[in-house]
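Everything below belongs to data-v3.txt, which stores compact mmCIF, C-alpha atoms.
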```txt
# COMPACT_ATOMS: atom_id res chain seq x y z
CA MET A 1 298.06 211.04 103.57
CA SER A 2 295.30 212.32 101.30
CA ASN A 3 291.65 211.67 102.15
CA ARG A 4 290.59 212.15 98.55
CA LEU A 5 288.85 209.28 96.84
CA PRO A 6 290.77 207.90 93.85
CA PHE A 7 289.44 208.51 90.36
CA TYR A 8 289.53 205.69 87.87
CA LEU A 9 288.05 204.87 84.49
CA ARG A 10 284.87 202.93 85.17
CA LYS A 11 283.94 202.22 81.59
CA ARG A 12 284.70 203.69 78.20
CA LEU A 13 281.98 204.19 75.61
CA GLU A 14 282.74 204.98 71.99
CA GLY A 15 280.82 205.82 68.85
CA GLU A 16 280.08 203.09 66.35
CA ARG A 17 281.86 204.76 63.42
CA GLU A 18 284.16 207.60 62.52
CA HIS A 19 282.60 211.07 62.51
CA ASP A 20 279.64 210.01 64.71
CA ARG A 21 280.24 212.87 67.19
CA PHE A 22 279.35 210.47 70.00
CA GLY A 23 278.97 212.51 73.17
CA ASP A 24 277.56 215.64 71.52
CA VAL A 25 275.05 215.78 74.38
CA VAL A 26 275.38 213.83 77.65
CA LEU A 27 272.52 213.87 80.18
CA ALA A 28 271.55 211.86 83.24
CA GLY A 29 268.05 211.35 84.63
CA ASP A 30 265.62 208.67 85.75
CA VAL A 31 263.72 208.17 82.50
CA ASN A 32 262.23 204.74 83.26
CA GLY A 33 261.14 205.17 86.87
CA ASP A 34 263.49 202.60 88.39
CA GLY A 35 264.84 205.06 90.94
CA MET A 36 268.26 205.21 89.27
CA ASP A 37 269.50 207.77 86.77
CA GLU A 38 270.00 206.57 83.22
CA TRP A 39 272.56 207.99 80.79
CA ILE A 40 271.39 209.65 77.58
CA ILE A 41 274.16 210.24 75.01
CA SER A 42 273.73 211.64 71.52
CA ALA A 43 275.79 211.17 68.36
CA SER A 44 274.28 213.76 66.05
CA THR A 45 276.12 212.71 62.89
CA ALA A 46 275.97 208.95 63.41
CA THR A 47 275.20 206.77 60.40
CA TYR A 48 272.21 204.43 60.37
CA VAL A 49 272.57 201.46 58.03
CA GLU A 50 269.25 200.09 56.81
CA ASP A 51 269.28 196.30 56.33
CA GLU A 52 272.85 196.26 57.63
CA ASP A 53 273.12 192.46 57.58
CA GLY A 54 271.28 192.06 54.28
CA VAL A 55 272.43 191.79 50.69
CA ASN A 56 271.99 195.49 49.88
CA PRO A 57 272.60 197.57 53.01
CA ILE A 58 271.62 201.24 52.65
CA PRO A 59 273.63 203.75 54.71
CA HIS A 60 271.92 206.93 55.93
CA TYR A 61 274.86 209.17 56.69
CA TYR A 62 274.66 211.80 59.43
CA CYS A 63 271.12 210.85 60.40
CA GLY A 64 272.09 210.88 64.10
CA LYS A 65 271.37 208.66 67.08
CA VAL A 66 270.56 208.95 70.80
CA TYR A 67 271.66 206.09 73.05
CA VAL A 68 270.03 205.32 76.40
CA TYR A 69 272.08 203.39 78.96
CA SER A 70 271.26 202.12 82.44
CA HIS A 71 272.94 203.61 85.52
CA ASP A 72 275.69 201.00 85.17
CA LEU A 73 276.10 201.77 81.44
CA LYS A 74 274.27 198.78 80.00
CA PRO A 75 272.50 199.65 76.71
CA LEU A 76 268.71 199.94 77.03
CA PHE A 77 267.58 201.25 73.64
CA THR A 78 268.63 203.55 70.81
CA LEU A 79 266.68 206.29 69.06
CA GLN A 80 267.72 207.44 65.60
CA GLY A 81 267.01 209.84 62.78
CA GLU A 82 265.06 208.78 59.73
CA ARG A 83 267.02 210.19 56.79
CA TYR A 84 270.40 211.26 55.55
CA GLY A 85 271.61 214.43 57.27
CA ASP A 86 268.87 214.76 59.93
CA CYS A 87 271.42 215.54 62.69
CA PHE A 88 269.08 213.82 65.14
CA GLY A 89 270.40 214.48 68.65
CA ALA A 90 271.96 217.89 67.99
CA ALA A 91 269.94 218.95 71.05
CA VAL A 92 268.48 216.70 73.75
CA ALA A 93 266.51 217.53 76.90
CA LEU A 94 264.64 215.65 79.62
CA GLY A 95 261.30 216.54 81.20
CA ASP A 96 258.03 215.08 82.44
CA ILE A 97 255.93 216.21 79.51
CA ASN A 98 252.84 214.07 80.07
CA GLY A 99 252.66 214.31 83.86
CA ASP A 100 253.12 210.60 84.52
CA GLY A 101 255.99 211.18 86.94
CA ASN A 102 258.65 209.89 84.53
CA LEU A 103 261.04 211.88 82.38
CA GLU A 104 260.50 211.89 78.64
CA ILE A 105 263.37 212.28 76.17
CA ILE A 106 263.10 215.31 73.88
CA VAL A 107 265.29 215.23 70.77
CA GLY A 108 265.99 217.92 68.20
CA ALA A 109 266.87 217.07 64.59
CA PRO A 110 267.46 220.49 62.99
CA ARG A 111 268.14 219.26 59.46
CA ALA A 112 265.30 216.75 59.30
CA SER A 113 262.66 217.12 56.59
CA ALA A 114 258.95 216.49 57.02
CA GLY A 115 256.79 215.66 54.03
CA SER A 116 257.54 218.26 51.36
CA LEU A 117 259.29 220.59 53.83
CA LEU A 118 263.07 220.51 53.37
CA GLU A 119 265.27 220.78 56.46
CA CYS A 120 262.41 222.27 58.45
CA GLY A 121 263.76 220.51 61.51
CA THR A 122 261.85 218.42 64.04
CA VAL A 123 261.45 218.01 67.78
CA SER A 124 260.41 214.53 68.93
CA ILE A 125 259.27 213.42 72.38
CA TYR A 126 259.87 209.82 73.41
CA SER A 127 258.82 207.74 76.38
CA GLY A 128 261.79 207.19 78.65
CA ARG A 129 260.36 203.79 79.63
CA THR A 130 259.82 202.30 76.18
CA GLY A 131 261.43 204.61 73.65
CA ASN A 132 258.07 204.97 71.87
CA LEU A 133 257.41 208.22 70.02
CA LEU A 134 254.78 210.29 71.86
CA GLU A 135 254.74 213.59 69.95
CA LYS A 136 256.54 215.29 67.07
CA TRP A 137 256.68 218.89 65.87
CA ASN A 138 258.33 220.43 62.82
CA GLY A 139 259.55 223.90 61.91
CA GLY A 140 256.74 224.52 59.43
CA GLU A 141 258.91 226.07 56.71
CA ASP A 142 261.76 224.98 54.48
CA TYR A 143 265.16 225.35 56.15
CA ALA A 144 263.75 226.60 59.48
CA ARG A 145 266.00 224.03 61.23
CA MET A 146 263.86 223.65 64.30
CA GLY A 147 265.44 221.69 67.13
CA ALA A 148 269.00 223.02 67.11
CA ALA A 149 268.42 224.18 70.69
CA LEU A 150 265.94 223.12 73.39
CA ALA A 151 265.04 224.16 76.91
CA VAL A 152 262.51 222.76 79.38
CA MET A 153 260.65 224.48 82.21
CA ASP A 154 257.13 224.85 83.61
CA TRP A 155 256.43 228.06 81.72
CA ASN A 156 252.73 228.42 82.53
CA GLN A 157 253.01 227.03 86.07
CA ASP A 158 250.49 224.22 85.53
CA GLY A 159 252.72 221.54 87.03
CA ILE A 160 253.67 220.03 83.63
CA THR A 161 257.00 220.55 81.89
CA ASP A 162 256.84 222.73 78.78
CA VAL A 163 259.33 222.77 75.89
CA ALA A 164 261.05 225.72 74.23
CA ALA A 165 262.44 225.00 70.77
CA SER A 166 264.32 227.25 68.39
CA SER A 167 264.04 227.55 64.62
CA HIS A 168 267.13 229.73 64.29
CA ASN A 169 267.24 229.68 60.49
CA LEU A 170 263.59 230.66 59.96
CA ASP A 171 262.83 233.80 57.94
CA PRO A 172 259.49 235.08 59.34
CA ASN A 173 260.30 238.60 58.12
CA GLY A 174 261.48 237.62 54.66
CA THR A 175 265.20 237.48 55.48
CA ASP A 176 267.21 234.34 56.14
CA ARG A 177 268.29 233.44 59.68
CA ASP A 178 266.01 235.83 61.58
CA GLY A 179 264.95 232.92 63.76
CA ARG A 180 262.01 232.07 65.99
CA VAL A 181 261.69 230.58 69.47
CA THR A 182 258.47 228.80 70.44
CA VAL A 183 257.30 227.51 73.82
CA PHE A 184 255.00 224.49 73.56
CA SER A 185 252.67 223.34 76.31
CA GLY A 186 253.56 219.94 77.68
CA ARG A 187 249.92 219.39 78.62
CA ASP A 188 248.19 219.91 75.25
CA HIS A 189 251.12 220.84 72.91
CA SER A 190 249.61 224.24 72.11
CA ILE A 191 251.86 227.27 71.58
CA LEU A 192 252.22 229.24 74.81
CA GLU A 193 254.63 231.90 73.59
CA SER A 194 256.61 232.76 70.48
CA TRP A 195 259.28 235.35 69.64
CA GLU A 196 260.73 236.25 66.26
CA GLY A 197 264.20 237.53 65.48
CA LYS A 198 265.21 240.22 63.04
CA ASN A 199 268.02 241.25 60.71
CA ARG A 200 269.49 237.75 60.35
CA GLU A 201 270.41 237.50 64.03
CA GLY A 202 269.82 233.74 64.33
CA LEU A 203 267.46 234.02 67.29
CA GLY A 204 267.55 230.85 69.38
CA LEU A 205 270.93 229.41 68.45
CA SER A 206 271.28 228.65 72.17
CA LEU A 207 268.55 228.33 74.82
CA ALA A 208 268.53 227.82 78.58
CA SER A 209 266.10 228.26 81.45
CA GLY A 210 266.18 228.88 85.18
CA ASP A 211 264.82 231.07 87.96
CA LEU A 212 267.10 234.06 87.49
CA ASP A 213 265.29 236.62 89.64
CA GLY A 214 264.30 234.50 92.64
CA ASP A 215 260.54 234.74 92.17
CA GLY A 216 260.08 230.97 91.95
CA LYS A 217 259.17 231.08 88.26
CA PRO A 218 261.41 230.17 85.31
CA GLU A 219 262.88 232.60 82.85
CA LEU A 220 263.88 231.66 79.31
CA ILE A 221 267.32 232.69 78.04
CA VAL A 222 267.48 233.19 74.27
CA SER A 223 270.63 233.97 72.33
CA ALA A 224 271.07 235.73 69.00
CA PRO A 225 274.84 235.55 68.41
CA LEU A 226 274.60 236.81 64.81
CA TYR A 227 272.88 240.05 65.87
CA SER A 228 274.57 243.20 64.57
CA ASP A 229 274.35 246.64 66.15
CA ALA A 230 274.77 249.73 63.99
CA GLY A 231 278.40 249.94 62.94
CA MET A 232 279.18 246.39 64.09
CA THR A 233 278.89 242.89 62.66
CA HIS A 234 277.78 239.85 64.67
CA ASN A 235 278.51 241.37 68.07
CA GLY A 236 275.54 239.27 69.28
CA ARG A 237 272.96 239.67 72.01
CA VAL A 238 271.18 237.65 74.71
CA LEU A 239 267.56 238.18 75.75
CA VAL A 240 265.86 236.95 78.92
CA PHE A 241 262.07 236.50 78.87
CA ARG A 242 259.58 235.77 81.63
CA GLY A 243 256.42 236.18 79.54
CA GLY A 244 255.24 238.74 77.04
CA ALA A 245 256.89 240.18 73.97
CA ALA A 246 259.47 242.37 75.70
CA PRO A 247 262.55 240.87 77.39
CA MET A 248 263.21 241.58 81.06
CA PHE A 249 266.95 241.76 80.39
CA GLU A 250 269.24 242.19 77.41
CA SER A 251 273.01 241.95 77.04
CA ARG A 252 275.03 242.73 73.90
CA GLY A 253 278.54 242.06 72.71
CA ASN A 254 280.95 244.98 72.69
CA ARG A 255 282.78 244.31 69.44
CA SER A 256 282.19 242.97 65.97
CA TYR A 257 282.37 239.18 65.70
CA ASP A 258 282.10 238.61 69.49
CA GLU A 259 279.10 236.32 68.81
CA HIS A 260 277.90 237.17 72.30
CA GLY A 261 275.57 234.36 73.37
CA ARG A 262 276.85 231.59 71.13
CA LYS A 263 276.27 229.53 74.30
CA VAL A 264 274.06 230.43 77.28
CA ALA A 265 273.37 228.66 80.56
CA ALA A 266 271.81 229.17 83.99
CA PHE A 267 273.73 228.05 87.10
CA ASP A 268 273.77 229.10 90.75
CA LEU A 269 277.45 229.98 90.83
CA ASP A 270 277.48 231.93 94.11
CA GLY A 271 275.35 229.53 96.19
CA ASP A 272 272.56 232.01 96.97
CA GLY A 273 269.83 229.69 95.68
CA ILE A 274 269.16 231.82 92.59
CA ALA A 275 270.46 230.91 89.15
CA ASP A 276 272.98 233.22 87.50
CA LEU A 277 273.06 233.99 83.78
CA VAL A 278 276.18 232.64 82.04
CA ILE A 279 277.01 233.90 78.54
CA GLY A 280 279.71 232.58 76.23
CA SER A 281 281.22 234.80 73.53
CA PRO A 282 283.70 232.47 71.80
CA LYS A 283 284.99 235.00 69.30
CA ALA A 284 285.43 237.90 71.72
CA GLY A 285 288.75 239.66 71.34
CA GLY A 286 288.40 240.44 67.67
CA GLU A 287 287.84 238.68 64.38
CA PHE A 288 291.43 237.42 64.23
CA THR A 289 292.39 236.76 67.87
CA ARG A 290 289.15 235.04 69.03
CA GLY A 291 290.35 234.30 72.55
CA GLY A 292 286.72 234.22 73.68
CA ALA A 293 285.06 235.30 76.92
CA VAL A 294 282.52 234.13 79.50
CA ALA A 295 280.36 236.62 81.41
CA VAL A 296 278.21 235.99 84.48
CA TYR A 297 275.28 238.24 85.39
CA ASN A 298 273.21 238.41 88.58
CA LEU A 299 269.74 239.40 87.43
CA VAL A 300 268.51 240.25 90.93
CA SER A 301 270.91 243.19 90.88
CA GLY A 302 271.19 243.37 87.10
CA LYS A 303 274.96 243.55 87.38
CA LEU A 304 277.86 241.84 85.67
CA VAL A 305 279.53 239.91 88.49
CA MET A 306 282.32 238.12 86.64
CA GLU A 307 284.01 238.08 83.26
CA LYS A 308 286.84 235.84 82.10
CA GLU A 309 288.67 236.13 78.80
CA GLY A 310 290.61 233.49 76.92
CA TRP A 311 294.34 233.41 77.56
CA PHE A 312 295.48 233.05 73.97
CA GLY A 313 294.32 233.55 70.40
CA LEU A 314 291.88 231.09 68.82
CA GLN A 315 291.03 229.57 72.22
CA GLU A 316 287.37 230.53 71.70
CA LEU A 317 286.52 230.38 75.40
CA GLY A 318 282.75 230.17 75.82
CA THR A 319 282.05 227.86 72.91
CA ASP A 320 280.41 225.38 75.29
```
What would the structure in this file look like if it were written as structure tokens?
Amino acid sequence: MSNRLPFYLRKRLEGEREHDRFGDVVLAGDVNGDGMDEWIISASTATYVEDEDGVNPIPHYYCGKVYVYSHDLKPLFTLQGERYGDCFGAAVALGDINGDGNLEIIVGAPRASAGSLLECGTVSIYSGRTGNLLEKWNGGEDYARMGAALAVMDWNQDGITDVAASSHNLDPNGTDRDGRVTVFSGRDHSILESWEGKNREGLGLSLASGDLDGDGKPELIVSAPLYSDAGMTHNGRVLVFRGGAAPMFESRGNRSYDEHGRKVAAFDLDGDGIADLVIGSPKAGGEFTRGGAVAVYNLVSGKLVMEKEGWFGLQELGTD
């Protein structure tokens, strides 16, 4: 007789409309201080209907929404984009930004506009208790698309969570899609660190953080999956920073169109108490096979400790 506990469907949640992409991001954390984890679920292409019950309802397609549910999946409040096509909720993170002991909700809307800036992208910070907007940043240039990826960590070791946000479509060097990654102070919202991409590499398409070398301080993992080495196209690369302009570690794809780093993460996979670097290369295997691959690095030793490839063409292992 098995001692395993049975699994059963506790509750099913669904998007409000077709094409909402409900479940784009799913997180759990105690955002309201009640001692129980809440559920935070995004639908980055959800439609907001202004004056929905009125005579002339106005639909805002693909504006995006973020839903906050209690631990037992009762709706608490909903956050949403402001305009058509904002893609609000494409990235979501949790962190105690203001030092009050509660988690704030950080939401990226990479296609949002701000004033006269078109699709500059925004990052908004909301109170987990009330849903009130506490702070908002934008990409600063047309089509920067800030907020497609986020990461949180205490970068400057002041006891307050800081926020890393990418503007992967920014052209700081005069070419499209070079990209920029910026770390903002949670304490005073100043810029703590910033890195710029080059040669249309899309710096910051994926971000993650974790203590990868066991020194008790966080590193920031930054991907540039559209990076191209000489003689290759979009083989991709991943950079790991712990402060300063130069990365402490770099990994590159081996073949054209690998898109090495399309997704990055930090997990302690071997149970040694130190996070390992996980890199997804969804198009590894060639432009036409695209079986994909996932690589795991131990940065204490600097060695590749595991690599798995997709079993069949078009699987795109490592997409997420």
One-decimal distance in Å that lies between atom CA of Gly35 of chain A and atom CA of Asp72 of chain A
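It comes out at 12.9 Å.
For the pair atom CA of Glu119 of chain A and atom CA of Asp20 of chain A, the interatomic distance is 19.8 Å.
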Give the answer as one residue: which of A:Gly216, A:Gly231, A:Gly310, A:Gly261 has the shortest atom-to-atom distance to Gly291 of chain A, using only C-alpha atoms?
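Once distances to Gly291 of chain A are computed over only C-alpha atoms, the minimum belongs to A:Gly310.
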6 Å contact set for Leu220 of chain A, all atoms listed in the file, chain neighbours under 4 positions out, as a list in words
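Final neighbour list, sorted by chain and number: Ser209, Val240 and Phe241 of chain A.
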Excluding Leu304 of chain A and its own-chain neighbours fewer than 5 positions away, which residues fall within 12 Å of it when counting all atoms listed in the file? Please give them as a PyMOL selection string.
chain A and resi 250-251+276-279+294-299
Non-local contacts of Lys198 of chain A (12 Å; only C-alpha atoms; under 6 positions in same chain excluded) as JSON, numbers by chain:
{"A": [168, 169, 170, 171, 172, 173, 174, 175, 176, 177, 178, 179, 180, 204, 224, 225, 226, 227, 228, 229, 237]}
Using only C-alpha atoms, can you tell me which of A:Ser166, A:Arg242, A:Asp213, A:Ala114 comes closest to Gly197 of chain A?
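Closest to Gly197 of chain A of all the choices is A:Ser166.
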note - atom CA of Lys308 of chain A and atom CA of Val92 of chain A are separated by 27.8 Å
Tell me which of A:Ala90, A:Cys120, A:Val31, A:Ile41 sits closest to Cys63 of chain A, counting only C-alpha atoms.
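Using only C-alpha atoms, Cys63 of chain A sits closest to A:Ala90.
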Generate the missing atoms of segment 10-30 of chain A up to N, CA and C atoms and report them as a PDB file, keeping the file's coordinate frame.
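Output (rebuild18.pdb):
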```
ATOM      1  N   ARG A  10     285.835 203.983  84.887  1.00  0.00           N
ATOM      2  CA  ARG A  10     284.870 202.930  85.170  1.00  0.00           C
ATOM      3  C   ARG A  10     284.512 202.139  83.921  1.00  0.00           C
ATOM      4  N   LYS A  11     284.274 202.866  82.858  1.00  0.00           N
ATOM      5  CA  LYS A  11     283.940 202.220  81.590  1.00  0.00           C
ATOM      6  C   LYS A  11     284.109 203.245  80.480  1.00  0.00           C
ATOM      7  N   ARG A  12     284.517 202.798  79.337  1.00  0.00           N
ATOM      8  CA  ARG A  12     284.700 203.690  78.200  1.00  0.00           C
ATOM      9  C   ARG A  12     283.682 203.347  77.118  1.00  0.00           C
ATOM     10  N   LEU A  13     282.949 204.355  76.684  1.00  0.00           N
ATOM     11  CA  LEU A  13     281.980 204.190  75.610  1.00  0.00           C
ATOM     12  C   LEU A  13     282.492 204.932  74.383  1.00  0.00           C
ATOM     13  N   GLU A  14     282.280 204.370  73.231  1.00  0.00           N
ATOM     14  CA  GLU A  14     282.740 204.980  71.990  1.00  0.00           C
ATOM     15  C   GLU A  14     281.641 204.934  70.940  1.00  0.00           C
ATOM     16  N   GLY A  15     281.743 205.840  69.972  1.00  0.00           N
ATOM     17  CA  GLY A  15     280.820 205.820  68.850  1.00  0.00           C
ATOM     18  C   GLY A  15     281.017 204.587  67.989  1.00  0.00           C
ATOM     19  N   GLU A  16     280.020 204.290  67.183  1.00  0.00           N
ATOM     20  CA  GLU A  16     280.080 203.090  66.350  1.00  0.00           C
ATOM     21  C   GLU A  16     281.002 203.272  65.145  1.00  0.00           C
ATOM     22  N   ARG A  17     281.081 204.506  64.633  1.00  0.00           N
ATOM     23  CA  ARG A  17     281.860 204.760  63.420  1.00  0.00           C
ATOM     24  C   ARG A  17     282.582 206.098  63.527  1.00  0.00           C
ATOM     25  N   GLU A  18     283.498 206.304  62.601  1.00  0.00           N
ATOM     26  CA  GLU A  18     284.160 207.600  62.520  1.00  0.00           C
ATOM     27  C   GLU A  18     283.136 208.700  62.236  1.00  0.00           C
ATOM     28  N   HIS A  19     283.402 209.868  62.770  1.00  0.00           N
ATOM     29  CA  HIS A  19     282.600 211.070  62.510  1.00  0.00           C
ATOM     30  C   HIS A  19     281.198 211.002  63.120  1.00  0.00           C
ATOM     31  N   ASP A  20     280.963 210.106  64.078  1.00  0.00           N
ATOM     32  CA  ASP A  20     279.640 210.010  64.710  1.00  0.00           C
ATOM     33  C   ASP A  20     279.354 211.193  65.632  1.00  0.00           C
ATOM     34  N   ARG A  21     280.388 211.836  66.159  1.00  0.00           N
ATOM     35  CA  ARG A  21     280.240 212.870  67.190  1.00  0.00           C
ATOM     36  C   ARG A  21     279.544 212.303  68.432  1.00  0.00           C
ATOM     37  N   PHE A  22     279.891 211.105  68.796  1.00  0.00           N
ATOM     38  CA  PHE A  22     279.350 210.470  70.000  1.00  0.00           C
ATOM     39  C   PHE A  22     279.744 211.300  71.219  1.00  0.00           C
ATOM     40  N   GLY A  23     278.735 211.661  72.015  1.00  0.00           N
ATOM     41  CA  GLY A  23     278.970 212.510  73.170  1.00  0.00           C
ATOM     42  C   GLY A  23     278.644 213.969  72.931  1.00  0.00           C
ATOM     43  N   ASP A  24     278.005 214.275  71.796  1.00  0.00           N
ATOM     44  CA  ASP A  24     277.560 215.640  71.520  1.00  0.00           C
ATOM     45  C   ASP A  24     276.783 216.200  72.707  1.00  0.00           C
ATOM     46  N   VAL A  25     275.825 215.424  73.188  1.00  0.00           N
ATOM     47  CA  VAL A  25     275.050 215.780  74.380  1.00  0.00           C
ATOM     48  C   VAL A  25     275.110 214.593  75.338  1.00  0.00           C
ATOM     49  N   VAL A  26     275.376 214.862  76.610  1.00  0.00           N
ATOM     50  CA  VAL A  26     275.380 213.830  77.650  1.00  0.00           C
ATOM     51  C   VAL A  26     274.494 214.302  78.788  1.00  0.00           C
ATOM     52  N   LEU A  27     273.456 213.531  79.107  1.00  0.00           N
ATOM     53  CA  LEU A  27     272.520 213.870  80.180  1.00  0.00           C
ATOM     54  C   LEU A  27     272.339 212.663  81.088  1.00  0.00           C
ATOM     55  N   ALA A  28     271.889 212.930  82.306  1.00  0.00           N
ATOM     56  CA  ALA A  28     271.550 211.860  83.240  1.00  0.00           C
ATOM     57  C   ALA A  28     270.213 212.176  83.888  1.00  0.00           C
ATOM     58  N   GLY A  29     269.350 211.175  83.996  1.00  0.00           N
ATOM     59  CA  GLY A  29     268.050 211.350  84.630  1.00  0.00           C
ATOM     60  C   GLY A  29     267.311 210.030  84.669  1.00  0.00           C
ATOM     61  N   ASP A  30     266.388 209.909  85.609  1.00  0.00           N
ATOM     62  CA  ASP A  30     265.620 208.670  85.750  1.00  0.00           C
ATOM     63  C   ASP A  30     264.477 208.684  84.742  1.00  0.00           C
TER      64      ASP A  30
END
```
